[in-house]
>>> print(open('target21.cif').read())   # mmCIF, C-alpha atoms and all ligand atoms
data_run
#
loop_
_atom_site.label_atom_id
_atom_site.label_comp_id
_atom_site.auth_asym_id
_atom_site.auth_seq_id
_atom_site.Cartn_x
_atom_site.Cartn_y
_atom_site.Cartn_z
CA MET A 389 0.00 0.00 0.00
CA SER A 390 1.42 3.33 -1.01
CA ILE A 391 0.96 6.41 1.14
CA PRO A 392 0.08 9.80 -0.42
CA LEU A 393 2.67 12.37 -1.46
CA GLU A 394 3.67 14.68 1.37
CA ASP A 395 3.35 17.96 -0.53
CA ASN A 396 1.01 19.42 -3.13
CA VAL A 397 1.76 22.27 -5.55
CA SER A 398 0.70 24.88 -3.06
CA ASP A 399 3.06 23.47 -0.36
CA ILE A 400 5.92 23.42 -2.86
CA ILE A 401 5.40 26.98 -4.07
CA GLY A 402 5.15 28.10 -0.42
CA LYS A 403 8.44 26.36 0.46
CA ALA A 404 10.23 27.96 -2.48
CA GLN A 405 8.82 31.41 -1.66
CA ARG A 406 9.80 31.17 2.02
CA GLY A 407 13.19 29.72 1.11
CA LEU A 408 14.00 32.47 -1.36
CA GLY A 409 12.24 35.22 0.62
CA ILE A 410 9.86 36.07 -2.22
CA SER A 411 6.46 37.49 -1.21
CA ASP A 412 3.33 37.06 -3.31
CA SER A 413 3.57 40.62 -4.59
CA GLN A 414 7.27 40.22 -5.45
CA LEU A 415 6.46 37.01 -7.28
CA ALA A 416 3.74 38.79 -9.25
CA GLU A 417 6.06 41.64 -10.10
CA ARG A 418 9.04 39.50 -11.13
CA SER A 419 7.05 37.01 -13.16
CA GLY A 420 4.70 39.53 -14.78
CA VAL A 421 1.73 37.47 -13.59
CA SER A 422 -1.23 39.28 -12.00
CA ALA A 423 -1.65 39.15 -8.20
CA GLU A 424 -4.94 37.34 -8.73
CA LYS A 425 -3.29 34.60 -10.75
CA ILE A 426 -0.48 34.28 -8.20
CA ARG A 427 -3.15 33.76 -5.54
CA LYS A 428 -4.63 30.97 -7.62
CA LEU A 429 -1.23 29.44 -8.16
CA ARG A 430 -0.60 29.54 -4.40
CA ASN A 431 -3.81 27.53 -4.06
CA GLY A 432 -2.49 24.98 -6.51
CA GLU A 433 -4.78 26.07 -9.36
CA ILE A 434 -2.76 25.95 -12.52
CA GLU A 435 -4.21 27.63 -15.56
CA ASP A 436 -2.75 29.31 -18.69
CA ASP A 437 0.97 30.11 -18.52
CA ALA A 438 1.19 31.55 -14.98
CA VAL A 439 3.18 28.54 -13.78
CA GLU A 440 5.62 28.76 -16.71
CA ARG A 441 6.26 32.41 -15.81
CA ALA A 442 6.40 32.03 -12.03
CA ALA A 443 8.42 28.79 -11.86
CA PRO A 444 11.75 30.29 -13.05
CA VAL A 445 11.46 33.09 -10.45
CA LEU A 446 11.07 30.38 -7.80
CA LYS A 447 13.76 28.17 -9.38
CA LEU A 448 11.21 25.39 -9.76
CA ASP A 449 10.51 23.16 -12.76
CA ALA A 450 7.21 24.17 -14.38
CA ALA A 451 6.59 20.82 -16.08
CA ALA A 452 7.01 18.94 -12.79
CA LEU A 453 4.56 21.33 -11.08
CA ARG A 454 2.02 20.78 -13.85
CA THR A 455 2.29 17.01 -13.51
CA LEU A 456 1.81 17.30 -9.75
CA ALA A 457 -1.17 19.62 -10.13
CA ALA A 458 -2.77 17.19 -12.59
CA GLY A 459 -2.50 14.45 -9.98
CA SER A 460 -0.44 12.33 -12.36
CA TRP A 461 2.83 12.53 -10.44
CA GLY A 462 3.22 8.97 -9.19
CA PRO A 463 6.27 7.69 -7.37
CA GLU A 464 8.04 4.89 -9.18
CA ALA A 465 6.44 1.49 -8.60
CA LEU A 466 8.82 -0.34 -6.32
CA SER A 467 8.81 -4.03 -5.63
CA GLU A 468 9.44 -5.23 -2.08
CA ILE A 469 13.09 -5.13 -1.12
CA GLU A 470 14.08 -7.93 1.19
CA GLY A 471 15.53 -6.33 4.31
CA LEU A 472 13.67 -2.99 4.15
CA ALA A 473 10.42 -2.01 5.88
CA GLN A 474 8.69 1.35 6.25
CA PHE A 475 6.48 2.21 9.25
CA ASN A 476 4.00 5.05 8.92
CA THR A 477 2.56 6.43 12.17
CA THR A 478 0.50 9.42 13.21
CA TYR A 479 1.95 12.21 15.33
CA HIS A 480 -0.76 14.78 16.15
CA ASP A 481 -2.02 15.75 12.69
CA ILE A 482 1.00 14.58 10.69
CA THR A 483 2.09 11.15 9.55
CA VAL A 484 5.74 10.25 9.81
CA ASN A 485 7.92 7.38 8.62
CA ALA A 486 10.48 5.25 10.42
CA TYR A 487 12.43 2.41 8.80
CA LEU A 488 13.94 -0.91 9.62
CA VAL A 489 16.79 -2.30 7.49
CA TRP A 490 18.27 -5.72 8.11
CA ASP A 491 20.65 -8.30 6.80
CA PRO A 492 18.35 -11.15 5.78
CA VAL A 493 21.10 -13.72 6.46
CA THR A 494 22.31 -12.70 9.93
CA CYS A 495 19.00 -11.04 10.94
CA GLU A 496 20.91 -8.06 12.38
CA ALA A 497 18.85 -4.89 12.01
CA VAL A 498 19.19 -1.12 12.07
CA ALA A 499 16.29 1.13 13.09
CA PHE A 500 16.11 4.57 11.52
CA ASP A 501 14.06 7.00 13.64
CA THR A 502 11.16 5.88 15.81
CA GLY A 503 8.18 7.65 14.32
CA ALA A 504 5.33 8.53 16.65
CA ASP A 505 5.12 4.97 17.89
CA CYS A 506 7.61 2.15 17.28
CA GLY A 507 5.12 -0.60 18.17
CA ALA A 508 4.69 -1.86 14.60
CA MET A 509 8.46 -1.80 14.11
CA LEU A 510 9.01 -3.90 17.24
CA GLU A 511 6.31 -6.32 16.04
CA ARG A 512 8.17 -6.74 12.78
CA VAL A 513 11.44 -7.30 14.66
CA LYS A 514 9.73 -10.11 16.53
CA MET A 515 8.07 -11.56 13.45
CA GLU A 516 11.30 -11.69 11.42
CA LYS A 517 13.34 -12.76 14.50
CA LEU A 518 15.65 -9.76 14.10
CA LYS A 519 18.18 -8.33 16.51
CA VAL A 520 18.25 -4.53 16.59
CA LYS A 521 21.95 -3.64 16.67
CA LEU A 522 21.84 0.06 15.96
CA ILE A 523 19.47 3.03 16.09
CA LEU A 524 20.29 5.92 13.77
CA LEU A 525 18.39 9.19 13.95
CA THR A 526 17.99 11.39 10.88
CA HIS A 527 17.24 14.47 12.97
CA ALA A 528 15.79 15.44 16.33
CA HIS A 529 12.38 16.82 15.33
CA PRO A 530 9.89 15.37 17.81
CA ASP A 531 7.79 13.43 15.28
CA HIS A 532 10.89 11.40 14.31
CA VAL A 533 12.18 10.56 17.80
CA ALA A 534 8.95 10.51 19.81
CA ASP A 535 9.21 6.86 20.87
CA LEU A 536 12.98 6.71 21.49
CA PRO A 537 12.81 5.49 25.13
CA ARG A 538 10.83 2.44 24.00
CA LEU A 539 13.10 1.69 21.04
CA LYS A 540 16.17 2.13 23.25
CA ALA A 541 14.91 -0.67 25.45
CA THR A 542 16.24 -3.01 22.73
CA GLY A 543 19.66 -2.12 24.15
CA ALA A 544 20.99 -0.90 20.80
CA PRO A 545 23.21 2.19 20.78
CA VAL A 546 21.70 5.40 19.40
CA TYR A 547 23.49 7.92 17.18
CA ILE A 548 22.63 11.36 15.84
CA SER A 549 24.56 14.21 14.23
CA GLU A 550 26.87 16.14 16.54
CA LEU A 551 25.11 19.28 15.29
CA GLU A 552 21.77 18.20 16.70
CA PRO A 553 22.27 16.66 20.15
CA GLU A 554 19.54 14.45 21.55
CA GLU A 555 19.42 13.02 25.05
CA GLY A 556 20.55 9.41 25.13
CA ALA A 557 22.13 9.53 21.67
CA ALA A 558 25.86 9.62 20.91
CA ALA A 559 27.14 12.25 18.49
CA ILE A 560 28.54 11.41 15.07
CA ALA A 561 30.07 13.49 12.30
CA GLU A 562 29.60 13.30 8.56
CA GLY A 563 31.51 10.39 7.03
CA LYS A 564 30.90 8.08 9.98
CA ARG A 565 30.53 4.47 8.81
CA PHE A 566 28.85 1.50 10.42
CA ARG A 567 28.93 -2.16 9.53
CA ILE A 568 26.07 -4.44 10.57
CA GLY A 569 26.22 -7.93 9.08
CA SER A 570 26.59 -7.44 5.34
CA LEU A 571 25.23 -3.88 5.51
CA GLU A 572 27.50 -0.87 5.15
CA ILE A 573 26.14 2.48 6.28
CA GLU A 574 27.62 5.90 5.59
CA ALA A 575 26.37 9.10 7.24
CA ARG A 576 26.11 12.19 5.03
CA LEU A 577 25.24 15.61 6.42
CA THR A 578 22.16 16.91 4.63
CA SER A 579 21.43 19.91 6.83
CA GLY A 580 19.12 22.77 5.86
CA HIS A 581 15.78 21.46 7.08
CA SER A 582 17.43 21.00 10.47
CA PRO A 583 20.95 21.91 11.65
CA GLY A 584 22.31 18.35 11.64
CA GLY A 585 20.02 16.41 9.31
CA MET A 586 21.71 13.15 8.37
CA THR A 587 21.19 10.93 5.35
CA TYR A 588 22.25 7.34 5.86
CA VAL A 589 23.34 5.52 2.71
CA VAL A 590 22.98 1.77 3.11
CA THR A 591 24.54 -0.76 0.75
CA GLY A 592 24.43 -4.53 0.97
CA LEU A 593 20.80 -5.23 -0.01
CA SER A 594 19.63 -5.83 -3.61
CA ARG A 595 19.63 -2.06 -4.22
CA PRO A 596 21.30 0.87 -2.47
CA ILE A 597 19.07 2.67 0.04
CA ALA A 598 19.19 6.25 1.32
CA ILE A 599 17.36 7.06 4.55
CA VAL A 600 17.01 10.80 4.07
CA GLY A 601 14.80 12.05 6.92
CA ASP A 602 13.15 15.31 5.90
CA SER A 603 15.90 16.34 3.46
CA LEU A 604 14.08 15.05 0.40
CA PHE A 605 10.52 13.83 -0.23
CA ALA A 606 8.97 12.09 -3.23
CA GLY A 607 8.13 15.09 -5.42
CA SER A 608 9.24 17.68 -2.84
CA MET A 609 11.62 18.32 0.04
CA GLY A 610 11.51 19.31 3.70
CA GLY A 611 11.14 23.03 4.40
CA GLY A 612 14.52 24.80 4.45
CA ASN A 613 13.93 26.01 8.01
CA VAL A 614 17.62 26.44 8.84
CA SER A 615 18.96 27.17 5.35
CA TYR A 616 17.02 26.67 2.14
CA LYS A 617 20.21 27.10 0.16
CA ASP A 618 22.05 24.38 2.11
CA ALA A 619 19.02 22.09 1.88
CA LEU A 620 18.97 22.38 -1.92
CA ARG A 621 22.71 22.03 -2.28
CA ASN A 622 22.99 19.03 0.06
CA ASN A 623 20.16 17.25 -1.73
CA ARG A 624 21.80 17.90 -5.09
CA GLU A 625 25.32 16.99 -4.04
CA LYS A 626 24.83 14.25 -1.46
CA ILE A 627 21.62 12.43 -2.36
CA LEU A 628 20.93 13.00 -6.06
CA THR A 629 24.50 11.98 -6.98
CA LEU A 630 23.85 8.44 -5.69
CA PRO A 631 23.14 5.70 -8.28
CA GLU A 632 19.77 6.26 -9.98
CA ASP A 633 18.30 3.01 -8.69
CA THR A 634 18.94 4.04 -5.06
CA ILE A 635 15.74 3.79 -3.06
CA VAL A 636 15.06 7.04 -1.24
CA CYS A 637 13.30 6.55 2.11
CA PRO A 638 11.90 9.92 3.26
CA GLY A 639 10.65 10.93 6.70
CA HIS A 640 7.23 11.73 5.23
CA GLY A 641 5.40 10.38 2.18
CA PRO A 642 6.14 7.40 -0.06
CA LEU A 643 9.40 5.79 -1.11
CA THR A 644 10.97 7.02 -4.33
CA THR A 645 14.25 6.69 -6.22
CA VAL A 646 17.16 8.99 -7.01
CA GLY A 647 16.43 8.68 -10.75
CA LYS A 648 12.78 9.64 -10.33
CA GLU A 649 13.60 12.70 -8.20
CA LYS A 650 16.28 13.90 -10.63
CA ARG A 651 13.76 13.69 -13.47
CA ASP A 652 10.52 14.82 -11.82
CA ASN A 653 11.05 16.64 -8.52
CA PRO A 654 10.06 20.31 -9.09
CA PHE A 655 13.05 21.49 -7.01
CA PHE A 656 15.61 19.51 -9.00
CA ALA A 657 14.20 18.42 -12.38
CA GLY A 658 15.93 19.32 -15.61
CA SER A 659 18.47 22.12 -15.51
CA LEU A 660 17.80 22.80 -11.82
CA MET A 661 20.18 19.95 -11.01
CA VAL A 662 23.14 21.89 -12.32
CA ASP A 663 22.11 25.54 -11.99
CA GLY A 664 22.69 25.88 -8.25
FE FE B 1 11.69 17.37 10.40
#
>>> encode(input="target21.cif", output="structure tokens")
Amino acid sequence: MSIPLEDNVSDIIGKAQRGLGISDSQLAERSGVSAEKIRKLRNGEIEDDAVERAAPVLKLDAAALRTLAAGSWGPEALSEIEGLAQFNTTYHDITVNAYLVWDPVTCEAVAFDTGADCGAMLERVKMEKLKVKLILLTHAHPDHVADLPRLKATGAPVYISELEPEEGAAAIAEGKRFRIGSLEIEARLTSGHSPGGMTYVVTGLSRPIAIVGDSLFAGSMGGGNVSYKDALRNNREKILTLPEDTIVCPGHGPLTTVGKEKRDNPFFAGSLMVDG
């Protein structure tokens, strides 16, 4: 079962405007689109060429926005990967993902974030007879670490970026590597949404996997709360340079792939990958 996309056109335009510091009236002025049409665009209503004129001002890809607005932006169909499971839980009014990755031979597992409630994850651990060896946190926002005390009861050590301390978690820097069974994990700093957002690149399963937290979403990205510029650059340089078949596991919304996001994510599609 696939979960819905995290962001719609209106969320995406809002993130770009906030990130670049462009108000509605500035957007109207710079794109030559009337204030009324900008209002419609902000509501996700795409008509005539307003999106083609506004998108370049926002450094977004117009074609990708159109596809999203038409409801025909679908994440790539992915078959089950042995050794990867996503858990989607509800935290107040948002839904959040946590992940479990394991070596199917040794049954050693790594938990990535806790979500609102790690109950389903612990059920899966039991069902597959796994041993949780490591808990890696993508960032410290409460929806991602809400159930840490319960997950910690597995006895596994917990790590998070040194730039984003969390009680009970040891600090790691970019480049830190872990080895669990046949899995190799490399931490990459993808800050911008949060000060120490980490992406964990996992190899050793049938395809490479990137657990990206809120750095990148299927068809969107996390808000650039700390630095929009860093968020864009880190996504471009540290996630979208991975092999195209890498499965991207975001903190919200469905799974996707590096190839799909390079082609169809409105923040990165087409020339936006190289423009900076
Ligand atoms: Fe977050």
>>> residues_around(input="target21.cif", residues="range 473-478 of chain A", least_positions_apart="2", cutoff="8 Å", atoms="only C-alpha atoms", output="PDB file with C-alpha atoms, keeping the file's coordinate frame")
ATOM      1  CA  GLY A 471      15.530  -6.330   4.310  1.00  0.00           C
ATOM      2  CA  HIS A 480      -0.760  14.780  16.150  1.00  0.00           C
ATOM      3  CA  ASP A 481      -2.020  15.750  12.690  1.00  0.00           C
ATOM      4  CA  ILE A 482       1.000  14.580  10.690  1.00  0.00           C
ATOM      5  CA  THR A 483       2.090  11.150   9.550  1.00  0.00           C
ATOM      6  CA  VAL A 484       5.740  10.250   9.810  1.00  0.00           C
ATOM      7  CA  ASN A 485       7.920   7.380   8.620  1.00  0.00           C
ATOM      8  CA  ALA A 486      10.480   5.250  10.420  1.00  0.00           C
ATOM      9  CA  TYR A 487      12.430   2.410   8.800  1.00  0.00           C
ATOM     10  CA  LEU A 488      13.940  -0.910   9.620  1.00  0.00           C
ATOM     11  CA  VAL A 489      16.790  -2.300   7.490  1.00  0.00           C
ATOM     12  CA  GLY A 503       8.180   7.650  14.320  1.00  0.00           C
ATOM     13  CA  ALA A 504       5.330   8.530  16.650  1.00  0.00           C
ATOM     14  CA  ASP A 505       5.120   4.970  17.890  1.00  0.00           C
ATOM     15  CA  ALA A 508       4.690  -1.860  14.600  1.00  0.00           C
ATOM     16  CA  MET A 509       8.460  -1.800  14.110  1.00  0.00           C
TER      17      MET A 509
END
>>> residues_near_ligand(input="target21.cif", ligand="ligand FE 1 (chain B)", cutoff="10 Å", atoms="all atoms listed in the file", output="number ranges by chain")
A: 484, 526-532, 581-582, 585, 601-603, 610-613, 639-640
>>> residues_around(input="target21.cif", residues="Pro654 in chain A", least_positions_apart="4", cutoff="9 Å", atoms="only C-alpha atoms", output="PyMOL selection string")
chain A and resi 400+447-453+456+607-608+649+658+660
>>> closest_residue(input="target21.cif", among="A:Ala443, A:Leu408, A:Ala457, A:Leu539", to="Asp618 in chain A", atoms="all atoms listed in the file")
A:Leu408
>>> residues_around(input="target21.cif", residues="Thr591 in chain A", least_positions_apart="4", cutoff="9 Å", atoms="all atoms listed in the file", output="number ranges by chain")
A: 570-574, 595-598
>>> atom_distance(input="target21.cif", atom1="CA of Pro545 in chain A", atom2="CA of Leu604 in chain A")
25.8 Å
>>> closest_residue(input="target21.cif", among="A:Pro444, A:Met586, A:Tyr616, A:Arg565", to="Lys403 in chain A", atoms="only C-alpha atoms")
A:Tyr616
>>> closest_residue(input="target21.cif", among="A:Pro463, A:Val614, A:Ala619, A:Val493", to="Val646 in chain A", atoms="only C-alpha atoms")
A:Pro463
>>> closest_residue(input="target21.cif", among="A:Asn396, A:Thr494, A:Ser390, A:Ser549", to="Thr578 in chain A", atoms="all atoms listed in the file")
A:Ser549
>>> closest_residue(input="target21.cif", among="A:Leu524, A:Met515, A:Leu415, A:Ala544", to="Thr502 in chain A", atoms="all atoms listed in the file")
A:Leu524
>>> residues_around(input="target21.cif", residues="Glu417 in chain A", least_positions_apart="5", cutoff="12 Å", atoms="all atoms listed in the file", output="ChimeraX atom specification")
/A:410-412,422-426,441-442,445
>>> atom_distance(input="target21.cif", atom1="CA of Pro631 in chain A", atom2="CA of Gly647 in chain A")
7.7 Å
>>> residues_around(input="target21.cif", residues="Glu550 in chain A", least_positions_apart="6", cutoff="6 Å", atoms="only C-alpha atoms", output="tab-separated table (two decimals) with C-alpha atoms, in the frame of the given file")
chain	number	residue	atom	x	y	z
A	559	ALA	CA	27.14	12.25	18.49
A	560	ILE	CA	28.54	11.41	15.07
A	561	ALA	CA	30.07	13.49	12.30
>>> build_atoms(input="target21.cif", residues="range 414-425 of chain A", atoms="all heavy atoms", output="PDB file, in the coordinates of the input")
ATOM      1  N   GLN A 414       5.990  40.268  -4.720  1.00  0.00           N
ATOM      2  CA  GLN A 414       7.270  40.220  -5.450  1.00  0.00           C
ATOM      3  C   GLN A 414       7.225  39.173  -6.561  1.00  0.00           C
ATOM      4  O   GLN A 414       7.754  39.392  -7.652  1.00  0.00           O
ATOM      5  CB  GLN A 414       8.424  39.890  -4.493  1.00  0.00           C
ATOM      6  CG  GLN A 414       8.794  41.059  -3.596  1.00  0.00           C
ATOM      7  CD  GLN A 414       9.709  40.621  -2.462  1.00  0.00           C
ATOM      8  OE1 GLN A 414       9.581  39.518  -1.925  1.00  0.00           O
ATOM      9  NE2 GLN A 414      10.635  41.493  -2.092  1.00  0.00           N
ATOM     10  N   LEU A 415       6.567  38.063  -6.267  1.00  0.00           N
ATOM     11  CA  LEU A 415       6.460  37.010  -7.280  1.00  0.00           C
ATOM     12  C   LEU A 415       5.647  37.513  -8.476  1.00  0.00           C
ATOM     13  O   LEU A 415       6.021  37.278  -9.632  1.00  0.00           O
ATOM     14  CB  LEU A 415       5.824  35.756  -6.656  1.00  0.00           C
ATOM     15  CG  LEU A 415       5.655  34.543  -7.574  1.00  0.00           C
ATOM     16  CD1 LEU A 415       6.984  34.111  -8.198  1.00  0.00           C
ATOM     17  CD2 LEU A 415       5.042  33.364  -6.809  1.00  0.00           C
ATOM     18  N   ALA A 416       4.566  38.229  -8.181  1.00  0.00           N
ATOM     19  CA  ALA A 416       3.740  38.790  -9.250  1.00  0.00           C
ATOM     20  C   ALA A 416       4.565  39.757 -10.099  1.00  0.00           C
ATOM     21  O   ALA A 416       4.584  39.685 -11.334  1.00  0.00           O
ATOM     22  CB  ALA A 416       2.526  39.497  -8.654  1.00  0.00           C
ATOM     23  N   GLU A 417       5.278  40.622  -9.407  1.00  0.00           N
ATOM     24  CA  GLU A 417       6.060  41.640 -10.100  1.00  0.00           C
ATOM     25  C   GLU A 417       7.152  41.019 -10.976  1.00  0.00           C
ATOM     26  O   GLU A 417       7.288  41.341 -12.152  1.00  0.00           O
ATOM     27  CB  GLU A 417       6.687  42.534  -9.036  1.00  0.00           C
ATOM     28  CG  GLU A 417       7.248  43.845  -9.557  1.00  0.00           C
ATOM     29  CD  GLU A 417       7.895  44.601  -8.406  1.00  0.00           C
ATOM     30  OE1 GLU A 417       7.223  44.742  -7.351  1.00  0.00           O
ATOM     31  OE2 GLU A 417       9.065  44.997  -8.556  1.00  0.00           O
ATOM     32  N   ARG A 418       7.908  40.073 -10.394  1.00  0.00           N
ATOM     33  CA  ARG A 418       9.040  39.500 -11.130  1.00  0.00           C
ATOM     34  C   ARG A 418       8.619  38.563 -12.264  1.00  0.00           C
ATOM     35  O   ARG A 418       9.368  38.384 -13.222  1.00  0.00           O
ATOM     36  CB  ARG A 418       9.970  38.747 -10.176  1.00  0.00           C
ATOM     37  CG  ARG A 418      10.709  39.710  -9.270  1.00  0.00           C
ATOM     38  CD  ARG A 418      11.734  38.965  -8.451  1.00  0.00           C
ATOM     39  NE  ARG A 418      11.896  39.611  -7.155  1.00  0.00           N
ATOM     40  CZ  ARG A 418      12.575  39.094  -6.143  1.00  0.00           C
ATOM     41  NH1 ARG A 418      13.139  37.912  -6.268  1.00  0.00           N
ATOM     42  NH2 ARG A 418      12.677  39.752  -5.006  1.00  0.00           N
ATOM     43  N   SER A 419       7.451  37.961 -12.123  1.00  0.00           N
ATOM     44  CA  SER A 419       7.050  37.010 -13.160  1.00  0.00           C
ATOM     45  C   SER A 419       6.134  37.665 -14.202  1.00  0.00           C
ATOM     46  O   SER A 419       5.864  37.086 -15.248  1.00  0.00           O
ATOM     47  CB  SER A 419       6.330  35.823 -12.536  1.00  0.00           C
ATOM     48  OG  SER A 419       5.183  36.271 -11.841  1.00  0.00           O
ATOM     49  N   GLY A 420       5.632  38.869 -13.884  1.00  0.00           N
ATOM     50  CA  GLY A 420       4.700  39.530 -14.780  1.00  0.00           C
ATOM     51  C   GLY A 420       3.336  38.862 -14.795  1.00  0.00           C
ATOM     52  O   GLY A 420       2.570  38.987 -15.746  1.00  0.00           O
ATOM     53  N   VAL A 421       3.031  38.141 -13.720  1.00  0.00           N
ATOM     54  CA  VAL A 421       1.730  37.470 -13.590  1.00  0.00           C
ATOM     55  C   VAL A 421       0.892  38.291 -12.608  1.00  0.00           C
ATOM     56  O   VAL A 421       1.432  38.797 -11.619  1.00  0.00           O
ATOM     57  CB  VAL A 421       1.937  36.021 -13.065  1.00  0.00           C
ATOM     58  CG1 VAL A 421       0.614  35.352 -12.753  1.00  0.00           C
ATOM     59  CG2 VAL A 421       2.728  35.190 -14.071  1.00  0.00           C
ATOM     60  N   SER A 422      -0.392  38.439 -12.867  1.00  0.00           N
ATOM     61  CA  SER A 422      -1.230  39.280 -12.000  1.00  0.00           C
ATOM     62  C   SER A 422      -1.308  38.696 -10.587  1.00  0.00           C
ATOM     63  O   SER A 422      -1.175  37.482 -10.390  1.00  0.00           O
ATOM     64  CB  SER A 422      -2.637  39.385 -12.570  1.00  0.00           C
ATOM     65  OG  SER A 422      -3.306  38.157 -12.413  1.00  0.00           O
ATOM     66  N   ALA A 423      -1.556  39.583  -9.604  1.00  0.00           N
ATOM     67  CA  ALA A 423      -1.650  39.150  -8.200  1.00  0.00           C
ATOM     68  C   ALA A 423      -2.749  38.104  -8.034  1.00  0.00           C
ATOM     69  O   ALA A 423      -2.603  37.148  -7.271  1.00  0.00           O
ATOM     70  CB  ALA A 423      -1.923  40.359  -7.305  1.00  0.00           C
ATOM     71  N   GLU A 424      -3.822  38.280  -8.783  1.00  0.00           N
ATOM     72  CA  GLU A 424      -4.940  37.340  -8.730  1.00  0.00           C
ATOM     73  C   GLU A 424      -4.509  35.933  -9.175  1.00  0.00           C
ATOM     74  O   GLU A 424      -4.830  34.931  -8.532  1.00  0.00           O
ATOM     75  CB  GLU A 424      -6.064  37.896  -9.635  1.00  0.00           C
ATOM     76  CG  GLU A 424      -7.239  36.975  -9.890  1.00  0.00           C
ATOM     77  CD  GLU A 424      -7.975  36.564  -8.615  1.00  0.00           C
ATOM     78  OE1 GLU A 424      -7.844  37.269  -7.592  1.00  0.00           O
ATOM     79  OE2 GLU A 424      -8.671  35.520  -8.653  1.00  0.00           O
ATOM     80  N   LYS A 425      -3.747  35.907 -10.247  1.00  0.00           N
ATOM     81  CA  LYS A 425      -3.290  34.600 -10.750  1.00  0.00           C
ATOM     82  C   LYS A 425      -2.247  33.972  -9.823  1.00  0.00           C
ATOM     83  O   LYS A 425      -2.166  32.749  -9.711  1.00  0.00           O
ATOM     84  CB  LYS A 425      -2.732  34.735 -12.167  1.00  0.00           C
ATOM     85  CG  LYS A 425      -3.845  34.860 -13.184  1.00  0.00           C
ATOM     86  CD  LYS A 425      -3.338  34.853 -14.602  1.00  0.00           C
ATOM     87  CE  LYS A 425      -4.509  34.957 -15.563  1.00  0.00           C
ATOM     88  NZ  LYS A 425      -4.055  35.156 -16.941  1.00  0.00           N
TER      89      LYS A 425
END
